[in-house]
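Dropping work.tsv in here (TSV, C-alpha atoms (C1' of nucleotides)):
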chain	number	residue	atom	x	y	z
A	34	MET	CA	-0.67	-59.44	-13.74
A	35	SER	CA	-3.84	-58.08	-15.33
A	36	ASP	CA	-3.51	-59.87	-18.65
A	37	VAL	CA	-4.18	-63.54	-19.26
A	38	LYS	CA	-1.43	-65.86	-18.15
A	39	GLY	CA	0.30	-67.79	-20.88
A	40	ALA	CA	3.35	-69.89	-21.49
A	41	ALA	CA	5.67	-67.26	-20.04
A	42	ALA	CA	3.87	-67.28	-16.70
A	43	LEU	CA	3.96	-71.06	-16.47
A	44	ARG	CA	7.62	-71.22	-17.36
A	45	ALA	CA	8.46	-68.65	-14.73
A	46	THR	CA	7.31	-70.93	-11.92
A	47	ILE	CA	9.58	-72.99	-9.74
A	48	VAL	CA	7.23	-75.95	-9.87
A	49	PHE	CA	7.21	-76.17	-13.67
A	50	ASN	CA	10.97	-75.89	-13.97
A	51	LEU	CA	11.57	-78.32	-11.13
A	52	GLY	CA	9.37	-80.83	-12.91
A	53	THR	CA	11.06	-80.62	-16.28
A	54	LEU	CA	14.59	-80.36	-14.92
A	55	GLY	CA	13.94	-83.10	-12.38
A	56	ALA	CA	13.02	-85.51	-15.15
A	57	LEU	CA	16.11	-84.47	-17.08
A	58	ALA	CA	18.39	-84.82	-14.06
A	59	SER	CA	16.98	-88.23	-13.19
A	60	ASP	CA	17.59	-89.44	-16.73
A	61	ARG	CA	21.19	-88.24	-16.68
A	62	PHE	CA	21.80	-89.82	-13.30
A	63	ALA	CA	20.09	-93.03	-14.41
A	64	ASP	CA	22.39	-93.23	-17.43
A	65	ARG	CA	25.41	-93.11	-15.17
A	66	VAL	CA	24.34	-95.65	-12.55
A	67	GLU	CA	22.99	-98.07	-15.11
A	68	GLU	CA	26.38	-99.76	-15.45
A	69	LEU	CA	26.26	-100.47	-11.72
A	70	GLY	CA	23.01	-102.34	-12.23
A	71	LEU	CA	21.13	-99.61	-10.39
A	72	LYS	CA	18.34	-97.11	-10.93
A	73	PRO	CA	17.86	-93.84	-9.07
A	74	LYS	CA	15.48	-95.45	-6.56
A	75	HIS	CA	18.15	-97.98	-5.60
A	76	ALA	CA	20.49	-95.11	-4.87
A	77	GLY	CA	17.82	-93.47	-2.75
A	78	LEU	CA	17.37	-96.64	-0.76
A	79	LEU	CA	21.11	-97.09	-0.24
A	80	ALA	CA	21.36	-93.48	0.91
A	81	ALA	CA	18.48	-93.90	3.34
A	82	LEU	CA	20.12	-96.99	4.81
A	83	ASP	CA	23.47	-95.27	5.14
A	84	ALA	CA	21.97	-92.20	6.76
A	85	GLY	CA	19.47	-93.82	9.08
A	86	SER	CA	21.22	-97.14	9.48
A	87	ALA	CA	18.99	-100.10	10.22
A	88	ALA	CA	15.35	-99.58	9.44
A	89	SER	CA	12.42	-101.86	8.77
A	90	GLN	CA	11.12	-102.04	5.24
A	91	GLN	CA	7.90	-100.36	6.28
A	92	GLU	CA	9.78	-97.40	7.66
A	93	LEU	CA	11.79	-97.16	4.48
A	94	ALA	CA	8.63	-97.14	2.38
A	95	THR	CA	7.39	-94.14	4.32
A	96	ARG	CA	10.70	-92.31	4.05
A	97	LEU	CA	11.05	-92.84	0.34
A	98	GLY	CA	7.39	-92.14	-0.28
A	99	VAL	CA	6.73	-95.39	-2.13
A	100	ALA	CA	4.58	-98.48	-1.56
A	101	PRO	CA	6.01	-101.20	0.70
A	102	SER	CA	5.87	-103.66	-2.17
A	103	LEU	CA	8.33	-101.53	-4.09
A	104	ILE	CA	10.79	-101.69	-1.22
A	105	VAL	CA	10.60	-105.45	-1.47
A	106	ALA	CA	11.50	-105.37	-5.16
A	107	LEU	CA	14.33	-102.85	-4.67
A	108	ALA	CA	15.72	-104.77	-1.70
A	109	ASP	CA	15.56	-108.05	-3.63
A	110	GLN	CA	17.66	-106.54	-6.40
A	111	LEU	CA	20.13	-104.95	-4.01
A	112	GLN	CA	20.45	-108.23	-2.15
A	113	GLU	CA	21.29	-110.02	-5.39
A	114	LEU	CA	24.03	-107.48	-5.97
A	115	GLY	CA	25.34	-108.17	-2.47
A	116	ALA	CA	24.68	-104.58	-1.44
A	117	VAL	CA	22.29	-105.23	1.43
A	118	GLU	CA	21.54	-107.99	3.88
A	119	ARG	CA	18.18	-108.89	5.33
A	120	VAL	CA	18.27	-109.87	8.97
A	121	ARG	CA	15.24	-110.96	10.95
A	122	ASP	CA	14.70	-108.78	13.97
A	123	PRO	CA	14.89	-111.26	16.90
A	124	GLU	CA	12.57	-109.08	18.93
A	125	ASP	CA	9.86	-109.14	16.30
A	126	ARG	CA	10.38	-111.90	13.83
A	127	ARG	CA	7.98	-110.33	11.32
A	128	ARG	CA	10.48	-107.57	10.70
A	129	GLN	CA	13.31	-107.68	8.21
A	130	VAL	CA	16.07	-105.27	9.07
A	131	LEU	CA	18.04	-104.12	6.05
A	132	THR	CA	21.70	-103.34	6.51
A	133	LEU	CA	24.33	-102.09	4.10
A	134	THR	CA	27.20	-104.39	3.31
A	135	ALA	CA	30.70	-103.24	2.42
A	136	GLU	CA	29.69	-103.72	-1.22
A	137	GLY	CA	26.60	-101.59	-0.58
A	138	ARG	CA	28.76	-98.78	0.75
A	139	ARG	CA	31.04	-99.10	-2.24
A	140	LEU	CA	28.06	-98.86	-4.60
A	141	LEU	CA	26.71	-95.86	-2.72
A	142	ALA	CA	30.05	-94.12	-3.08
A	143	ARG	CA	29.99	-94.77	-6.80
A	144	CYS	CA	26.45	-93.39	-6.98
A	145	ALA	CA	27.65	-90.24	-5.27
A	146	GLU	CA	30.47	-89.94	-7.78
A	147	ALA	CA	28.01	-90.48	-10.63
A	148	ALA	CA	25.79	-87.72	-9.25
A	149	GLU	CA	28.76	-85.38	-8.91
A	150	ALA	CA	29.79	-86.05	-12.49
A	151	ALA	CA	26.24	-85.44	-13.69
A	152	ASP	CA	26.21	-82.23	-11.65
A	153	ALA	CA	29.34	-80.98	-13.31
A	154	GLU	CA	27.88	-81.66	-16.73
A	155	LEU	CA	24.49	-80.16	-15.97
A	156	THR	CA	25.77	-77.00	-14.32
A	157	ALA	CA	28.72	-76.36	-16.63
A	158	GLY	CA	26.99	-73.21	-17.86
A	159	LEU	CA	26.52	-71.70	-14.40
A	160	THR	CA	28.89	-69.41	-12.56
A	161	GLU	CA	30.19	-70.64	-9.21
A	162	PRO	CA	27.93	-68.32	-7.19
A	163	GLN	CA	24.95	-69.47	-9.23
A	164	ARG	CA	25.82	-73.09	-8.60
A	165	THR	CA	26.21	-72.48	-4.88
A	166	ALA	CA	22.92	-70.63	-4.66
A	167	LEU	CA	21.12	-73.36	-6.53
A	168	THR	CA	22.63	-76.09	-4.36
A	169	ARG	CA	21.56	-74.28	-1.20
A	170	GLY	CA	18.07	-73.57	-2.44
A	171	LEU	CA	17.47	-77.16	-3.41
A	172	ARG	CA	18.88	-78.52	-0.17
A	173	THR	CA	16.68	-76.21	1.84
A	174	LEU	CA	13.59	-77.25	-0.09
A	175	GLY	CA	14.57	-80.89	0.25
A	176	GLU	CA	15.04	-80.65	3.98
A	177	GLN	CA	11.60	-79.11	4.31
A	178	HIS	CA	9.69	-81.50	2.08
A	179	VAL	CA	11.55	-84.77	1.70
A	180	PRO	CA	11.23	-87.08	4.73
A	181	ARG	CA	14.60	-88.34	5.95
B	12	MET	CA	37.32	-85.76	-0.12
B	13	SER	CA	39.62	-88.48	1.07
B	14	ASP	CA	37.04	-90.58	2.85
B	15	VAL	CA	34.47	-92.79	1.17
B	16	LYS	CA	31.46	-90.98	-0.14
B	17	GLY	CA	28.19	-91.83	1.53
B	18	ALA	CA	24.64	-90.61	1.78
B	19	ALA	CA	25.74	-87.10	2.68
B	20	ALA	CA	27.73	-86.73	-0.53
B	21	LEU	CA	24.86	-87.94	-2.66
B	22	ARG	CA	22.36	-85.68	-0.97
B	23	ALA	CA	24.63	-82.70	-1.48
B	24	THR	CA	24.37	-82.96	-5.25
B	25	ILE	CA	22.13	-80.85	-7.42
B	26	VAL	CA	21.17	-83.82	-9.56
B	27	PHE	CA	19.91	-85.90	-6.64
B	28	ASN	CA	17.88	-83.08	-5.15
B	29	LEU	CA	16.50	-82.05	-8.53
B	30	GLY	CA	15.34	-85.61	-9.07
B	31	THR	CA	13.53	-86.01	-5.76
B	32	LEU	CA	12.11	-82.49	-5.69
B	33	GLY	CA	11.13	-82.68	-9.34
B	34	ALA	CA	9.00	-85.74	-8.66
B	35	LEU	CA	7.46	-84.00	-5.67
B	36	ALA	CA	6.77	-80.80	-7.60
B	37	SER	CA	5.23	-82.69	-10.50
B	38	ASP	CA	2.93	-84.52	-8.12
B	39	ARG	CA	1.79	-81.30	-6.50
B	40	PHE	CA	1.21	-79.66	-9.85
B	41	ALA	CA	-0.60	-82.75	-11.15
B	42	ASP	CA	-2.96	-82.64	-8.16
B	43	ARG	CA	-3.94	-79.09	-9.04
B	44	VAL	CA	-4.50	-79.51	-12.77
B	45	GLU	CA	-6.33	-82.79	-12.37
B	46	GLU	CA	-9.66	-81.02	-12.01
B	47	LEU	CA	-9.05	-79.41	-15.41
B	48	GLY	CA	-8.76	-82.89	-16.90
B	49	LEU	CA	-5.06	-82.33	-17.52
B	50	LYS	CA	-1.70	-83.80	-16.58
B	51	PRO	CA	1.61	-81.98	-16.51
B	52	LYS	CA	2.48	-83.08	-20.05
B	53	HIS	CA	-0.71	-81.49	-21.36
B	54	ALA	CA	0.34	-78.24	-19.74
B	55	GLY	CA	3.75	-78.56	-21.35
B	56	LEU	CA	2.18	-79.04	-24.75
B	57	LEU	CA	-0.17	-76.08	-24.30
B	58	ALA	CA	2.77	-73.93	-23.27
B	59	ALA	CA	4.82	-75.03	-26.27
B	60	LEU	CA	1.95	-74.15	-28.58
B	61	ASP	CA	1.42	-70.77	-26.95
B	62	ALA	CA	5.10	-69.91	-27.08
B	63	GLY	CA	5.95	-71.20	-30.53
B	64	SER	CA	2.50	-70.90	-32.05
B	65	ALA	CA	1.78	-73.31	-34.88
B	66	ALA	CA	4.04	-76.32	-35.04
B	67	SER	CA	3.80	-79.76	-36.55
B	68	GLN	CA	3.38	-82.68	-34.21
B	69	GLN	CA	6.84	-83.97	-35.09
B	70	GLU	CA	8.42	-80.68	-34.08
B	71	LEU	CA	6.51	-80.75	-30.81
B	72	ALA	CA	7.72	-84.26	-30.06
B	73	THR	CA	11.30	-83.09	-30.39
B	74	ARG	CA	10.71	-80.01	-28.26
B	75	LEU	CA	9.02	-81.89	-25.46
B	76	GLY	CA	11.47	-84.75	-25.68
B	77	VAL	CA	8.83	-87.44	-26.09
B	78	ALA	CA	7.86	-89.92	-28.80
B	79	PRO	CA	5.65	-88.66	-31.63
B	80	SER	CA	2.99	-91.20	-30.70
B	81	LEU	CA	2.63	-89.53	-27.32
B	82	ILE	CA	1.95	-86.19	-28.98
B	83	VAL	CA	-0.89	-87.87	-30.83
B	84	ALA	CA	-2.41	-89.09	-27.57
B	85	LEU	CA	-1.97	-85.75	-25.80
B	86	ALA	CA	-3.37	-83.83	-28.77
B	87	ASP	CA	-6.35	-86.19	-28.99
B	88	GLN	CA	-7.21	-85.49	-25.39
B	89	LEU	CA	-6.71	-81.74	-25.73
B	90	GLN	CA	-8.86	-81.74	-28.84
B	91	GLU	CA	-11.66	-83.49	-26.95
B	92	LEU	CA	-11.46	-80.75	-24.35
B	93	GLY	CA	-11.71	-78.16	-27.12
B	94	ALA	CA	-8.28	-76.78	-26.25
B	95	VAL	CA	-6.58	-77.33	-29.61
B	96	GLU	CA	-7.56	-77.64	-33.24
B	97	ARG	CA	-5.88	-79.78	-35.84
B	98	VAL	CA	-5.62	-78.16	-39.24
B	99	ARG	CA	-4.07	-79.83	-42.27
B	100	ASP	CA	-1.24	-77.79	-43.66
B	101	PRO	CA	-2.34	-77.01	-47.24
B	102	GLU	CA	1.27	-76.85	-48.39
B	103	ASP	CA	2.02	-80.35	-47.11
B	104	ARG	CA	-1.10	-82.31	-46.48
B	105	ARG	CA	0.70	-84.88	-44.36
B	106	ARG	CA	1.16	-82.30	-41.66
B	107	GLN	CA	-1.30	-81.52	-38.92
B	108	VAL	CA	-0.79	-78.06	-37.52
B	109	LEU	CA	-1.95	-77.74	-33.93
B	110	THR	CA	-3.33	-74.39	-32.82
B	111	LEU	CA	-4.57	-73.22	-29.46
B	112	THR	CA	-8.23	-72.28	-29.21
B	113	ALA	CA	-9.61	-69.66	-26.86
B	114	GLU	CA	-10.46	-72.52	-24.51
B	115	GLY	CA	-6.87	-73.74	-24.79
B	116	ARG	CA	-5.56	-70.34	-23.75
B	117	ARG	CA	-8.00	-70.31	-20.87
B	118	LEU	CA	-6.79	-73.73	-19.73
B	119	LEU	CA	-3.17	-72.65	-20.05
B	120	ALA	CA	-3.87	-69.62	-17.88
B	121	ARG	CA	-5.42	-71.87	-15.26
B	122	CYS	CA	-2.36	-74.15	-15.42
B	123	ALA	CA	-0.15	-71.15	-14.77
B	124	GLU	CA	-2.28	-70.20	-11.79
B	125	ALA	CA	-2.10	-73.77	-10.50
B	126	ALA	CA	1.69	-73.72	-10.81
B	127	GLU	CA	1.89	-70.39	-8.99
B	128	ALA	CA	-0.28	-71.72	-6.18
B	129	ALA	CA	1.89	-74.83	-5.93
B	130	ASP	CA	4.95	-72.58	-5.89
B	131	ALA	CA	3.62	-70.58	-2.99
B	132	GLU	CA	2.95	-73.76	-1.04
B	133	LEU	CA	6.27	-75.39	-1.85
B	134	THR	CA	8.42	-72.35	-1.13
B	135	ALA	CA	6.54	-71.08	1.91
B	136	GLY	CA	9.58	-71.86	4.04
B	137	LEU	CA	12.02	-69.84	1.92
B	138	THR	CA	12.93	-66.21	2.33
B	139	GLU	CA	12.24	-63.93	-0.60
B	140	PRO	CA	15.91	-63.73	-1.68
B	141	GLN	CA	16.14	-67.52	-1.49
B	142	ARG	CA	13.06	-67.89	-3.65
B	143	THR	CA	14.39	-65.42	-6.19
B	144	ALA	CA	17.77	-67.10	-6.37
B	145	LEU	CA	16.17	-70.50	-6.82
B	146	THR	CA	13.85	-69.24	-9.55
B	147	ARG	CA	16.76	-67.71	-11.43
B	148	GLY	CA	18.94	-70.76	-11.10
B	149	LEU	CA	16.26	-73.08	-12.37
B	150	ARG	CA	15.36	-70.81	-15.27
B	151	THR	CA	18.98	-70.57	-16.31
B	152	LEU	CA	19.39	-74.33	-16.21
B	153	GLY	CA	16.14	-74.77	-18.10
B	154	GLU	CA	17.14	-72.35	-20.82
B	155	GLN	CA	20.38	-74.25	-21.29
B	156	HIS	CA	18.99	-77.76	-21.30
B	157	VAL	CA	15.31	-77.79	-22.18
B	158	PRO	CA	14.64	-77.31	-25.92
B	159	ARG	CA	12.13	-74.56	-26.61
C	246	DT	C1'	11.62	-93.90	-51.62
C	247	DA	C1'	11.14	-90.77	-47.62
C	248	DT	C1'	8.33	-88.45	-44.26
C	249	DT	C1'	4.08	-87.30	-41.23
C	250	DG	C1'	0.86	-88.82	-38.52
C	251	DT	C1'	-1.51	-92.73	-36.60
C	252	DT	C1'	-2.38	-97.25	-34.68
C	253	DA	C1'	-1.01	-101.53	-32.46
C	254	DT	C1'	1.74	-103.58	-29.35
C	255	DA	C1'	4.71	-104.24	-25.57
C	256	DC	C1'	7.40	-102.90	-21.79
C	257	DT	C1'	8.49	-100.42	-17.40
C	258	DC	C1'	7.15	-98.63	-13.26
C	259	DT	C1'	4.39	-98.58	-9.47
C	260	DA	C1'	0.24	-99.11	-6.66
C	261	DT	C1'	-3.55	-102.01	-4.78
C	262	DA	C1'	-5.04	-106.02	-2.96
C	263	DA	C1'	-4.63	-110.74	-1.47
C	264	DC	C1'	-1.80	-113.83	1.21
C	265	DT	C1'	1.63	-115.72	4.89
C	266	DA	C1'	3.90	-115.59	9.07
C	267	DT	C1'	4.23	-113.63	13.39
C	268	DA	C1'	2.50	-110.95	17.16
D	196	DT	C1'	-7.34	-109.43	15.52
D	197	DA	C1'	-3.51	-106.61	13.88
D	198	DT	C1'	0.92	-105.95	11.65
D	199	DA	C1'	5.39	-106.81	8.62
D	200	DG	C1'	6.57	-108.56	4.66
D	201	DT	C1'	5.63	-110.78	0.39
D	202	DT	C1'	3.34	-112.12	-3.85
D	203	DA	C1'	-0.08	-111.47	-7.50
D	204	DT	C1'	-2.41	-108.57	-10.23
D	205	DA	C1'	-3.60	-104.50	-12.59
D	206	DG	C1'	-3.18	-99.85	-14.25
D	207	DA	C1'	-0.79	-95.77	-15.96
D	208	DG	C1'	2.54	-94.01	-18.82
D	209	DT	C1'	5.39	-94.27	-22.53
D	210	DA	C1'	8.30	-96.16	-26.24
D	211	DT	C1'	8.93	-99.10	-30.39
D	212	DA	C1'	7.45	-100.72	-34.45
D	213	DA	C1'	4.15	-101.44	-38.11
D	214	DC	C1'	0.99	-98.97	-41.10
D	215	DA	C1'	-1.46	-95.42	-44.12
D	216	DA	C1'	-1.39	-91.18	-46.56
D	217	DT	C1'	1.16	-87.89	-48.85
D	218	DA	C1'	5.32	-86.08	-50.85
This entry written out as structure tokens:
Amino acid sequence: MSDVKGAAALRATIVFNLGTLGALASDRFADRVEELGLKPKHAGLLAALDAGSAASQQELATRLGVAPSLIVALADQLQELGAVERVRDPEDRRRQVLTLTAEGRRLLARCAEAAEAADAELTAGLTEPQRTALTRGLRTLGEQHVPR
Amino acid sequence: MSDVKGAAALRATIVFNLGTLGALASDRFADRVEELGLKPKHAGLLAALDAGSAASQQELATRLGVAPSLIVALADQLQELGAVERVRDPEDRRRQVLTLTAEGRRLLARCAEAAEAADAELTAGLTEPQRTALTRGLRTLGEQHVPR
DNA sequence: TATTGTTATACTCTATAACTATA
DNA sequence: TATAGTTATAGAGTATAACAATA
């Protein structure tokens, strides 16, 4: 503690390792969903729709922590794939309500499988208790910091 | 297992949570090192130099998993800050050997402090055993997948 | 001819800001 | 006038490819 902090101190932090491993994990996941025509953000949007059901695009932007204009682009692409439908809210015709189609649910399921396969690859070197502990720790952090 | 996988299955994976939390962690860390004139990649480069001491820019590109041209840009900026020096290798004059200056070590120490502060904030809601388990899990994964 | 570092260029991602329709 | 969504534009970040110097 008394000496000057160097590389070892930085590498010991959760934040530093989360950053580097997060980039790695996203790349691995992206590789696997690419053949579905999707990127990680599309999967996040599908998951948000499945979990929270109908939501306006503005609400989704807040939940995913991105600009509303990005939701438009993601939704456009998902609509082209037949994964979501845009329905005007009759009570407020400015609003577009996004809903998952059967195809959207199918794609989400395949995203989940892709993530599970990437998990298996990434954590092949961990013992089962280590994997469980890591899963729990990340879920706890996510519940506390990622809006749902 | 028999029913169709949905948002819950995706959110249960390590890869998905690593991706979202990694982006969050990088943002928090970036906020803190911004006043030093640095971004997370600069910190990664400083740490690589401190840990492996002198290395050619090509080697660093491989270690950090980025294109050699990006090392040039990062090194340019660090050199302007007085954090690194470029010295021609006399044995192979094509090579530029990057070395940390005293200022570079000072900046690295401040990066480590920034990461520790971000850690404290991010993990405030975890118990001490949870934090320890998470730290260990991430370090193990990092050692297995991040080239050093 | 092969390799290191550099420069030039282009592409991807995403945010900001302007615009349209509706309230 | 304010708000939801959209479109247009711009910027950051990074990779690819061409280039120069050295081997």
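Remark: for D:DT217, the closest of the candidate residues C:DT254, C:DT248, C:DT259, C:DT265 is C:DT248 (distances computed over all atoms listed in the file).
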Residues within 6 Å of A:Gln129, please, as a PDB file with C-alpha atoms, keeping the file's coordinate frame. Count all atoms listed in the file; anything in the same chain fewer than 6 positions from it doesn't count.
ATOM      1  CA  SER A  89      12.420-101.860   8.770  1.00  0.00           C
ATOM      2  CA  ARG A 119      18.180-108.890   5.330  1.00  0.00           C
ATOM      3  CA  VAL A 120      18.270-109.870   8.970  1.00  0.00           C
ATOM      4  CA  ARG A 121      15.240-110.960  10.950  1.00  0.00           C
TER       5      ARG A 121
END
Write down, as a list in words, each residue of chain D that has any atom within 8 Å of an atom of chain A, counting all atoms listed in the file. DA199, DG200 and DT201 of chain D
Up to 12 Å from chain B, what residues of chain C turn up? Count all atoms listed in the file and give them as a tab-separated table (two decimals) with C-alpha atoms (C1' of nucleotides), in the frame of the given file.
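Done, and the output landed in result05.tsv:
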chain	number	residue	atom	x	y	z
C	248	DT	C1'	8.33	-88.45	-44.26
C	249	DT	C1'	4.08	-87.30	-41.23
C	250	DG	C1'	0.86	-88.82	-38.52
C	251	DT	C1'	-1.51	-92.73	-36.60
C	252	DT	C1'	-2.38	-97.25	-34.68
C	253	DA	C1'	-1.01	-101.53	-32.46
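Using all atoms listed in the file, the nearest neighbour of chain B within the list A:Ala145, A:Val66, A:Ala116, A:Leu159 is A:Ala145.
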Quick one: contact table of chain B to chain A, 6 Å max, nearest atom pair and distance in Å to one decimal per residue, counting only C-alpha atoms, chain and number order, as JSON lines?
{"residue": "B:Lys16", "atom": "CA", "partner": "A:Ala142", "partner_atom": "CA", "distance": 4.5}
{"residue": "B:Gly17", "atom": "CA", "partner": "A:Ala142", "partner_atom": "CA", "distance": 5.5}
{"residue": "B:Ala18", "atom": "CA", "partner": "A:Ala80", "partner_atom": "CA", "distance": 4.4}
{"residue": "B:Ala20", "atom": "CA", "partner": "A:Ala145", "partner_atom": "CA", "distance": 5.9}
{"residue": "B:Leu21", "atom": "CA", "partner": "A:Ala145", "partner_atom": "CA", "distance": 4.5}
{"residue": "B:Ile25", "atom": "CA", "partner": "A:Thr168", "partner_atom": "CA", "distance": 5.7}
{"residue": "B:Val26", "atom": "CA", "partner": "A:Ala58", "partner_atom": "CA", "distance": 5.4}
{"residue": "B:Leu29", "atom": "CA", "partner": "A:Gly55", "partner_atom": "CA", "distance": 4.7}
{"residue": "B:Gly30", "atom": "CA", "partner": "A:Gly55", "partner_atom": "CA", "distance": 4.4}
{"residue": "B:Gly33", "atom": "CA", "partner": "A:Gly55", "partner_atom": "CA", "distance": 4.2}
{"residue": "B:Ala36", "atom": "CA", "partner": "A:Val48", "partner_atom": "CA", "distance": 5.4}
{"residue": "B:Ser37", "atom": "CA", "partner": "A:Gly52", "partner_atom": "CA", "distance": 5.1}
{"residue": "B:Ala58", "atom": "CA", "partner": "A:Ala40", "partner_atom": "CA", "distance": 4.5}
{"residue": "B:Asp61", "atom": "CA", "partner": "A:Ala40", "partner_atom": "CA", "distance": 5.9}
{"residue": "B:Ala62", "atom": "CA", "partner": "A:Ala40", "partner_atom": "CA", "distance": 5.9}
{"residue": "B:Ala120", "atom": "CA", "partner": "A:Lys38", "partner_atom": "CA", "distance": 4.5}
{"residue": "B:Ala123", "atom": "CA", "partner": "A:Leu43", "partner_atom": "CA", "distance": 4.4}
{"residue": "B:Asp130", "atom": "CA", "partner": "A:Val48", "partner_atom": "CA", "distance": 5.7}
{"residue": "B:Leu145", "atom": "CA", "partner": "A:Gly170", "partner_atom": "CA", "distance": 5.7}
{"residue": "B:Thr146", "atom": "CA", "partner": "A:Ile47", "partner_atom": "CA", "distance": 5.7}
{"residue": "B:Gly148", "atom": "CA", "partner": "A:Leu167", "partner_atom": "CA", "distance": 5.7}
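Distance annotation: of C:DA247, C:DA268, C:DA260, C:DA255, the residue with the minimal separation from D:DT196 is C:DA268; atom set is only C-alpha atoms (C1' of nucleotides).
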Once you add 3 Å to each side, what are the centre and edge lengths of the axis-aligned box holding all listed atoms of stretch 53-70 of chain B? One decimal in Å, as JSON, if you can.
{"center_x": 3.9, "center_y": -76.9, "center_z": -28.1, "size_x": 15.1, "size_y": 20.1, "size_z": 22.8}
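One finds atom C1' of D:DA216 at 21.5 Å from atom CA of B:Leu85.
Atom CA of A:Glu154 sits 27.7 Å away from atom CA of A:Pro180.
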Who sits within 10 Å of D:DG208, all atoms listed in the file, same chain under 3 positions skipped, as a VMD selection string: (chain B and resid 81) or (chain C and resid 257 to 258)
For the point (-4.9, -110.6, -5.7) in the file's frame, write as a PyMOL selection string all residues with an atom no more than 12 Å away, counting only C-alpha atoms (C1' of nucleotides). (chain C and resi 261-264) or (chain D and resi 202-205)
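Straight-line separation from atom CA of A:Glu136 to atom CA of A:Leu93: 19.9 Å.
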Could you add whatever atoms are missing so that stretch 162-174 of chain A carries N, CA, C and O atoms, then write the result as a PDB file, in the frame of the given file?
ATOM      1  N   PRO A 162      28.961 -68.798  -8.115  1.00  0.00           N
ATOM      2  CA  PRO A 162      27.930 -68.320  -7.190  1.00  0.00           C
ATOM      3  C   PRO A 162      26.533 -68.831  -7.538  1.00  0.00           C
ATOM      4  O   PRO A 162      25.742 -69.161  -6.644  1.00  0.00           O
ATOM      5  N   GLN A 163      26.255 -68.944  -8.822  1.00  0.00           N
ATOM      6  CA  GLN A 163      24.950 -69.470  -9.230  1.00  0.00           C
ATOM      7  C   GLN A 163      24.782 -70.920  -8.784  1.00  0.00           C
ATOM      8  O   GLN A 163      23.740 -71.319  -8.272  1.00  0.00           O
ATOM      9  N   ARG A 164      25.870 -71.682  -8.973  1.00  0.00           N
ATOM     10  CA  ARG A 164      25.820 -73.090  -8.600  1.00  0.00           C
ATOM     11  C   ARG A 164      25.618 -73.242  -7.088  1.00  0.00           C
ATOM     12  O   ARG A 164      24.825 -74.064  -6.626  1.00  0.00           O
ATOM     13  N   THR A 165      26.340 -72.432  -6.344  1.00  0.00           N
ATOM     14  CA  THR A 165      26.210 -72.480  -4.880  1.00  0.00           C
ATOM     15  C   THR A 165      24.797 -72.118  -4.436  1.00  0.00           C
ATOM     16  O   THR A 165      24.209 -72.801  -3.591  1.00  0.00           O
ATOM     17  N   ALA A 166      24.269 -71.068  -5.040  1.00  0.00           N
ATOM     18  CA  ALA A 166      22.920 -70.630  -4.660  1.00  0.00           C
ATOM     19  C   ALA A 166      21.891 -71.709  -4.975  1.00  0.00           C
ATOM     20  O   ALA A 166      20.981 -71.979  -4.176  1.00  0.00           O
ATOM     21  N   LEU A 167      22.062 -72.317  -6.127  1.00  0.00           N
ATOM     22  CA  LEU A 167      21.120 -73.360  -6.530  1.00  0.00           C
ATOM     23  C   LEU A 167      21.202 -74.560  -5.585  1.00  0.00           C
ATOM     24  O   LEU A 167      20.187 -75.099  -5.136  1.00  0.00           O
ATOM     25  N   THR A 168      22.432 -74.967  -5.278  1.00  0.00           N
ATOM     26  CA  THR A 168      22.630 -76.090  -4.360  1.00  0.00           C
ATOM     27  C   THR A 168      21.939 -75.820  -3.026  1.00  0.00           C
ATOM     28  O   THR A 168      21.205 -76.662  -2.504  1.00  0.00           O
ATOM     29  N   ARG A 169      22.163 -74.621  -2.493  1.00  0.00           N
ATOM     30  CA  ARG A 169      21.560 -74.280  -1.200  1.00  0.00           C
ATOM     31  C   ARG A 169      20.048 -74.265  -1.251  1.00  0.00           C
ATOM     32  O   ARG A 169      19.374 -74.774  -0.362  1.00  0.00           O
ATOM     33  N   GLY A 170      19.526 -73.655  -2.310  1.00  0.00           N
ATOM     34  CA  GLY A 170      18.070 -73.570  -2.440  1.00  0.00           C
ATOM     35  C   GLY A 170      17.430 -74.946  -2.494  1.00  0.00           C
ATOM     36  O   GLY A 170      16.438 -75.215  -1.817  1.00  0.00           O
ATOM     37  N   LEU A 171      18.032 -75.822  -3.285  1.00  0.00           N
ATOM     38  CA  LEU A 171      17.470 -77.160  -3.410  1.00  0.00           C
ATOM     39  C   LEU A 171      17.580 -77.944  -2.111  1.00  0.00           C
ATOM     40  O   LEU A 171      16.655 -78.668  -1.723  1.00  0.00           O
ATOM     41  N   ARG A 172      18.708 -77.790  -1.435  1.00  0.00           N
ATOM     42  CA  ARG A 172      18.880 -78.520  -0.170  1.00  0.00           C
ATOM     43  C   ARG A 172      17.863 -78.047   0.862  1.00  0.00           C
ATOM     44  O   ARG A 172      17.305 -78.852   1.604  1.00  0.00           O
ATOM     45  N   THR A 173      17.652 -76.743   0.890  1.00  0.00           N
ATOM     46  CA  THR A 173      16.680 -76.210   1.840  1.00  0.00           C
ATOM     47  C   THR A 173      15.285 -76.761   1.551  1.00  0.00           C
ATOM     48  O   THR A 173      14.583 -77.243   2.449  1.00  0.00           O
ATOM     49  N   LEU A 174      14.908 -76.706   0.293  1.00  0.00           N
ATOM     50  CA  LEU A 174      13.590 -77.250  -0.090  1.00  0.00           C
ATOM     51  C   LEU A 174      13.496 -78.732   0.271  1.00  0.00           C
ATOM     52  O   LEU A 174      12.485 -79.192   0.791  1.00  0.00           O
TER      53      LEU A 174
END
